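Novice: Got a structure here, written out as structure tokens. Questions coming.
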There are 2 protein chains.
Amino acid sequence: MKKRNLPLSRVYQLLETGPVVMVTTSYKGKDNIMTMSWHTMMEFEPPLVGCIISERDHTFEMLKATKECVLNIPTADLAKQVVGIGNTSGRTIDKFEKFGLTRLQASRVKAPLIAECYANLECTVVDTRMVTTYNLFVLEVVKAWIDPSVKDPKTLHHRGNGVFMIAGETIRLRSKMK
Amino acid sequence: MKKRNLPLSRVYQLLETGPVVMVTTSYKGKDNIMTMSWHTMMEFEPPLVGCIISERDHTFEMLKATKECVLNIPTADLAKQVVGIGNTSGRTIDKFEKFGLTRLQASRVKAPLIAECYANLECTVVDTRMVTTYNLFVLEVVKAWIDPSVKDPKTLHHRGNGVFMIAGETIRLRSKMK
């Protein structure tokens, strides 16, 4: 695989811009994918990620049962798949097959990586205390992969109702902010 | 003011793309501003926003004491102010004065709006149970303002270490996703 290990201390750099992610899960021999925008970094290292997953989503049950997932970060060339995956349910279809995506085996979890995504974050669920009230799962990223050839990824950012902003120009400013 | 009311049901469209926001607070006659990227939508309506604010930030104490803030969303023309505000502490300077920003009175909270930002979300803290463990405040947006002349806002998205992505092109795809 052309992807390399990304140090866990740099995971926040991928997520704090707010990209749409595709969450993969695996349960009882079946894999699923969902599209998600409601997530935030919660800690730098080990990297903690809070994410809101509705109990209407099939992923909710799978994540509760397995406590494992992968956050796969797509770029704009995958926009149609991202929307198609958001419009369908894994209860009735195999989304990898339907949308022509390639599974790769993860190293630390059973959920598969999506090969076509430029970054993949293998996660375990470390706190479910806020699931009942807010559908908030706290994930720890235990292994991170990145395609080093992608410099300024054209990530997708959802503005609601099928409108997406594509990541634009990158600027560098003197900052002490981590 | 040229800004108009934004229906609360549309607030998620501003935040789920992951923009850098400037959080304003007001306590004991003093106003403060901080730069923040770690936030997520948690509910559509009433809009709930989860945000992580470090106990090292002056805003942490002010928010705990007052339970009110405003999330102001800047665009790329404010990049230098955004970084400057992130590099300084309100314990020692008046950031409105130092960075030449204009206060506007909010309608529902004491914290001021930043006039130069294209959108402003007046918030109250509705849940502090996760502050001790995760520095996670749950905010409810009680009033939202938007500059209707800004169509595709060039929001800033932090990639870490002073590197920012500026919002690029907008695309529309058929989606059933809210």
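Every chain in the structure tokens has a letter given in the order shown (A, B, ...), and although residue numbers restart at 1 in each chain, ligands are simply numbered from 1 in the order shown.
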Present chain A as a compact mmCIF listing (two decimals) with C-alpha atoms, in the first residue's frame, least-squares fitted onto chain B over all of its C-alpha atoms paired in order.

Specialist:
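Result written to part04.txt:
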```txt
# COMPACT_ATOMS: atom_id res chain seq x y z
CA MET A 1 -26.70 46.75 11.29
CA LYS A 2 -26.58 45.10 7.87
CA LYS A 3 -26.90 41.63 9.36
CA ARG A 4 -30.18 39.74 9.38
CA ASN A 5 -31.68 37.08 11.56
CA LEU A 6 -30.78 33.54 10.46
CA PRO A 7 -33.38 30.87 11.31
CA LEU A 8 -31.96 28.59 14.01
CA SER A 9 -32.72 25.53 11.86
CA ARG A 10 -29.99 26.68 9.43
CA VAL A 11 -27.17 27.24 11.93
CA TYR A 12 -25.65 23.81 11.22
CA GLN A 13 -24.94 24.96 7.64
CA LEU A 14 -22.45 27.49 9.01
CA LEU A 15 -20.61 25.27 11.45
CA GLU A 16 -20.47 21.77 10.00
CA THR A 17 -17.81 22.77 7.46
CA GLY A 18 -15.40 23.26 10.38
CA PRO A 19 -14.53 26.97 10.21
CA VAL A 20 -12.24 28.66 12.69
CA VAL A 21 -14.47 30.71 15.01
CA MET A 22 -13.74 33.59 17.35
CA VAL A 23 -15.39 33.12 20.73
CA THR A 24 -16.34 36.30 22.57
CA THR A 25 -17.15 36.45 26.27
CA SER A 26 -17.86 39.25 28.73
CA TYR A 27 -17.26 39.11 32.48
CA LYS A 28 -16.97 41.80 35.13
CA GLY A 29 -17.02 44.56 32.52
CA LYS A 30 -14.25 43.07 30.38
CA ASP A 31 -14.66 41.47 26.97
CA ASN A 32 -12.41 38.79 25.56
CA ILE A 33 -11.89 36.93 22.27
CA MET A 34 -10.32 33.55 21.56
CA THR A 35 -9.72 31.58 18.36
CA MET A 36 -11.18 28.06 18.28
CA SER A 37 -11.33 25.16 15.83
CA TRP A 38 -12.47 22.28 18.02
CA HIS A 39 -16.26 22.34 17.75
CA THR A 40 -19.05 20.20 16.32
CA MET A 41 -22.77 20.44 15.77
CA MET A 42 -24.60 18.13 18.19
CA GLU A 43 -28.26 18.81 17.30
CA PHE A 44 -30.14 20.62 14.52
CA GLU A 45 -32.85 22.47 16.44
CA PRO A 46 -32.53 23.93 18.87
CA PRO A 47 -28.95 24.02 17.57
CA LEU A 48 -26.49 22.50 20.01
CA VAL A 49 -22.75 22.95 19.55
CA GLY A 50 -20.07 21.06 21.44
CA CYS A 51 -16.78 22.88 21.87
CA ILE A 52 -13.49 22.12 23.56
CA ILE A 53 -11.92 25.02 25.42
CA SER A 54 -8.70 24.48 27.34
CA GLU A 55 -8.54 25.43 30.98
CA ARG A 56 -5.37 27.35 30.06
CA ASP A 57 -7.50 29.79 28.03
CA HIS A 58 -8.85 32.87 29.80
CA THR A 59 -12.16 32.20 28.02
CA PHE A 60 -12.52 28.97 30.01
CA GLU A 61 -12.96 30.87 33.29
CA MET A 62 -15.17 33.51 31.71
CA LEU A 63 -17.44 30.94 30.10
CA LYS A 64 -17.71 28.91 33.29
CA ALA A 65 -18.66 32.01 35.25
CA THR A 66 -21.10 33.62 32.80
CA LYS A 67 -22.46 30.63 30.84
CA GLU A 68 -22.70 32.85 27.77
CA CYS A 69 -20.66 33.50 24.64
CA VAL A 70 -20.88 34.41 20.96
CA LEU A 71 -19.36 32.32 18.16
CA ASN A 72 -18.24 34.79 15.49
CA ILE A 73 -17.26 33.34 12.11
CA PRO A 74 -14.45 35.21 10.34
CA THR A 75 -13.47 35.11 6.68
CA ALA A 76 -10.00 35.17 5.13
CA ASP A 77 -9.71 38.98 5.18
CA LEU A 78 -9.46 38.64 9.00
CA ALA A 79 -6.71 35.97 8.94
CA LYS A 80 -4.09 38.16 10.63
CA GLN A 81 -6.45 39.11 13.44
CA VAL A 82 -7.49 35.47 13.86
CA VAL A 83 -3.86 34.41 14.34
CA GLY A 84 -2.99 37.39 16.52
CA ILE A 85 -5.94 36.62 18.78
CA GLY A 86 -4.84 32.99 18.98
CA ASN A 87 -1.31 34.02 19.99
CA THR A 88 -2.24 36.38 22.85
CA SER A 89 -4.09 36.19 26.13
CA GLY A 90 -7.03 38.29 27.28
CA ARG A 91 -5.55 38.16 30.77
CA THR A 92 -3.07 40.85 29.76
CA ILE A 93 -4.55 42.74 26.78
CA ASP A 94 -7.87 44.06 25.45
CA LYS A 95 -8.12 42.13 22.20
CA PHE A 96 -10.86 44.31 20.66
CA GLU A 97 -8.58 47.32 21.02
CA LYS A 98 -5.34 45.56 20.09
CA PHE A 99 -6.77 44.04 16.89
CA GLY A 100 -9.06 46.89 15.88
CA LEU A 101 -12.30 44.92 15.95
CA THR A 102 -15.74 46.45 16.48
CA ARG A 103 -18.12 45.39 19.25
CA LEU A 104 -21.84 45.14 18.56
CA GLN A 105 -24.37 44.53 21.29
CA ALA A 106 -25.92 41.07 21.24
CA SER A 107 -29.66 40.66 21.75
CA ARG A 108 -29.78 37.64 24.07
CA VAL A 109 -26.39 37.52 25.81
CA LYS A 110 -23.93 39.99 27.36
CA ALA A 111 -20.95 38.90 25.24
CA PRO A 112 -20.45 41.20 22.25
CA LEU A 113 -20.73 40.36 18.55
CA ILE A 114 -17.70 41.07 16.36
CA ALA A 115 -19.04 43.34 13.61
CA GLU A 116 -16.35 42.35 11.09
CA CYS A 117 -17.41 38.66 11.13
CA TYR A 118 -20.03 37.66 8.52
CA ALA A 119 -21.98 35.51 11.01
CA ASN A 120 -22.53 35.63 14.76
CA LEU A 121 -24.15 32.99 16.95
CA GLU A 122 -25.32 34.02 20.41
CA CYS A 123 -24.99 31.05 22.75
CA THR A 124 -25.76 29.93 26.27
CA VAL A 125 -23.99 27.04 28.00
CA VAL A 126 -26.54 24.28 28.57
CA ASP A 127 -24.39 21.39 29.83
CA THR A 128 -21.12 21.47 31.77
CA ARG A 129 -21.05 17.82 32.87
CA MET A 130 -18.22 17.00 30.45
CA VAL A 131 -16.05 20.01 31.28
CA THR A 132 -14.03 18.28 33.99
CA THR A 133 -13.13 15.26 31.87
CA TYR A 134 -12.88 16.74 28.36
CA ASN A 135 -13.13 20.57 28.62
CA LEU A 136 -16.31 20.06 26.55
CA PHE A 137 -18.97 22.75 26.81
CA VAL A 138 -22.37 22.15 25.22
CA LEU A 139 -23.73 25.42 23.84
CA GLU A 140 -27.23 26.21 22.61
CA VAL A 141 -27.45 28.83 19.88
CA VAL A 142 -30.27 31.15 20.95
CA LYS A 143 -29.95 33.81 18.24
CA ALA A 144 -28.12 33.81 14.93
CA TRP A 145 -27.08 36.72 12.67
CA ILE A 146 -25.80 36.62 9.14
CA ASP A 147 -24.63 39.12 6.53
CA PRO A 148 -26.90 38.20 3.59
CA SER A 149 -24.49 39.75 1.08
CA VAL A 150 -21.88 37.03 1.76
CA LYS A 151 -22.81 34.09 -0.49
CA ASP A 152 -19.87 31.69 -0.43
CA PRO A 153 -17.92 32.80 2.63
CA LYS A 154 -14.15 32.37 2.45
CA THR A 155 -13.96 30.83 5.88
CA LEU A 156 -10.65 29.81 7.48
CA HIS A 157 -9.91 26.19 8.41
CA HIS A 158 -6.90 25.42 10.56
CA ARG A 159 -4.46 22.68 9.49
CA GLY A 160 -2.26 23.22 12.55
CA ASN A 161 0.90 25.25 13.17
CA GLY A 162 -0.40 28.42 11.54
CA VAL A 163 -1.38 26.72 8.27
CA PHE A 164 -4.90 27.56 7.16
CA MET A 165 -7.07 26.30 4.32
CA ILE A 166 -9.37 28.92 2.83
CA ALA A 167 -12.82 27.74 1.73
CA GLY A 168 -12.82 27.07 -2.01
CA GLU A 169 -15.37 26.30 -4.68
CA THR A 170 -18.96 25.27 -3.81
CA ILE A 171 -20.62 22.32 -5.55
CA ARG A 172 -24.22 21.13 -5.43
CA LEU A 173 -25.09 17.45 -5.54
CA ARG A 174 -28.40 15.69 -5.16
CA SER A 175 -28.54 14.71 -1.56
CA LYS A 176 -31.15 13.63 0.92
CA MET A 177 -28.67 14.37 3.69
CA LYS A 178 -29.75 17.18 5.95
```

Novice: Residues of stretch 32-107 of chain A in strand (DSSP E) according to DSSP, as a PDB file with N, CA and C atoms, in the first residue's frame?

Specialist:
```
ATOM      1  N   ASN A  32     -19.857  -1.816   6.685  1.00  0.00           N
ATOM      2  CA  ASN A  32     -20.752  -0.711   6.337  1.00  0.00           C
ATOM      3  C   ASN A  32     -19.955   0.590   6.241  1.00  0.00           C
ATOM      4  N   ILE A  33     -20.565   1.578   5.584  1.00  0.00           N
ATOM      5  CA  ILE A  33     -19.964   2.908   5.437  1.00  0.00           C
ATOM      6  C   ILE A  33     -21.053   3.949   5.674  1.00  0.00           C
ATOM      7  N   MET A  34     -20.731   4.991   6.418  1.00  0.00           N
ATOM      8  CA  MET A  34     -21.638   6.138   6.488  1.00  0.00           C
ATOM      9  C   MET A  34     -20.843   7.432   6.283  1.00  0.00           C
ATOM     10  N   THR A  35     -21.569   8.478   5.866  1.00  0.00           N
ATOM     11  CA  THR A  35     -20.983   9.799   5.671  1.00  0.00           C
ATOM     12  C   THR A  35     -21.274  10.635   6.910  1.00  0.00           C
ATOM     13  N   MET A  36     -20.273  11.355   7.413  1.00  0.00           N
ATOM     14  CA  MET A  36     -20.440  12.094   8.670  1.00  0.00           C
ATOM     15  C   MET A  36     -19.694  13.423   8.644  1.00  0.00           C
ATOM     16  N   HIS A  39     -18.154  16.069  13.830  1.00  0.00           N
ATOM     17  CA  HIS A  39     -17.062  15.528  14.639  1.00  0.00           C
ATOM     18  C   HIS A  39     -16.155  16.668  15.077  1.00  0.00           C
ATOM     19  N   THR A  40     -15.438  16.465  16.152  1.00  0.00           N
ATOM     20  CA  THR A  40     -14.447  17.443  16.608  1.00  0.00           C
ATOM     21  C   THR A  40     -13.281  16.743  17.293  1.00  0.00           C
ATOM     22  N   MET A  41     -12.087  17.291  17.137  1.00  0.00           N
ATOM     23  CA  MET A  41     -10.975  16.863  17.962  1.00  0.00           C
ATOM     24  C   MET A  41     -11.308  17.182  19.418  1.00  0.00           C
ATOM     25  N   MET A  42     -10.889  16.310  20.335  1.00  0.00           N
ATOM     26  CA  MET A  42     -11.094  16.561  21.762  1.00  0.00           C
ATOM     27  C   MET A  42      -9.772  16.563  22.527  1.00  0.00           C
ATOM     28  N   GLU A  43      -8.739  15.934  21.957  1.00  0.00           N
ATOM     29  CA  GLU A  43      -7.417  15.902  22.615  1.00  0.00           C
ATOM     30  C   GLU A  43      -6.379  15.632  21.533  1.00  0.00           C
ATOM     31  N   LEU A  48      -8.100  12.152  20.572  1.00  0.00           N
ATOM     32  CA  LEU A  48      -9.491  11.804  20.845  1.00  0.00           C
ATOM     33  C   LEU A  48     -10.383  12.601  19.905  1.00  0.00           C
ATOM     34  N   VAL A  49     -11.405  11.936  19.386  1.00  0.00           N
ATOM     35  CA  VAL A  49     -12.335  12.556  18.446  1.00  0.00           C
ATOM     36  C   VAL A  49     -13.750  12.310  18.958  1.00  0.00           C
ATOM     37  N   GLY A  50     -14.509  13.374  19.101  1.00  0.00           N
ATOM     38  CA  GLY A  50     -15.917  13.228  19.452  1.00  0.00           C
ATOM     39  C   GLY A  50     -16.735  13.216  18.182  1.00  0.00           C
ATOM     40  N   CYS A  51     -17.691  12.277  18.066  1.00  0.00           N
ATOM     41  CA  CYS A  51     -18.539  12.317  16.878  1.00  0.00           C
ATOM     42  C   CYS A  51     -19.966  11.950  17.227  1.00  0.00           C
ATOM     43  N   ILE A  52     -20.875  12.599  16.497  1.00  0.00           N
ATOM     44  CA  ILE A  52     -22.313  12.429  16.725  1.00  0.00           C
ATOM     45  C   ILE A  52     -22.846  11.505  15.641  1.00  0.00           C
ATOM     46  N   GLU A  68     -15.465  -0.257  17.489  1.00  0.00           N
ATOM     47  CA  GLU A  68     -14.363  -0.002  16.568  1.00  0.00           C
ATOM     48  C   GLU A  68     -14.883   0.606  15.268  1.00  0.00           C
ATOM     49  N   CYS A  69     -14.082   1.480  14.680  1.00  0.00           N
ATOM     50  CA  CYS A  69     -14.420   2.009  13.353  1.00  0.00           C
ATOM     51  C   CYS A  69     -13.167   2.592  12.715  1.00  0.00           C
ATOM     52  N   VAL A  70     -13.296   2.990  11.453  1.00  0.00           N
ATOM     53  CA  VAL A  70     -12.236   3.736  10.774  1.00  0.00           C
ATOM     54  C   VAL A  70     -12.859   5.010  10.225  1.00  0.00           C
ATOM     55  N   LEU A  71     -12.177   6.159  10.446  1.00  0.00           N
ATOM     56  CA  LEU A  71     -12.571   7.411   9.813  1.00  0.00           C
ATOM     57  C   LEU A  71     -11.717   7.573   8.559  1.00  0.00           C
ATOM     58  N   ASN A  72     -12.369   7.521   7.407  1.00  0.00           N
ATOM     59  CA  ASN A  72     -11.703   7.620   6.116  1.00  0.00           C
ATOM     60  C   ASN A  72     -11.987   9.006   5.541  1.00  0.00           C
ATOM     61  N   ILE A  73     -10.956   9.712   5.125  1.00  0.00           N
ATOM     62  CA  ILE A  73     -11.167  11.090   4.668  1.00  0.00           C
ATOM     63  C   ILE A  73     -11.096  11.142   3.143  1.00  0.00           C
ATOM     64  N   ARG A 103     -11.798  -2.246  -0.201  1.00  0.00           N
ATOM     65  CA  ARG A 103     -11.460  -2.500   1.205  1.00  0.00           C
ATOM     66  C   ARG A 103      -9.960  -2.768   1.352  1.00  0.00           C
ATOM     67  N   LEU A 104      -9.360  -2.229   2.391  1.00  0.00           N
ATOM     68  CA  LEU A 104      -8.023  -2.638   2.804  1.00  0.00           C
ATOM     69  C   LEU A 104      -8.112  -3.064   4.262  1.00  0.00           C
TER      70      LEU A 104
END
```

Novice: Using the chain letters and numbers from this document, which residues of stretch 76-149 of chain A does DSSP assign to alpha helix (DSSP H), as a PyMOL selection string?

Specialist: chain A and resi 79-86+95-98+131-134
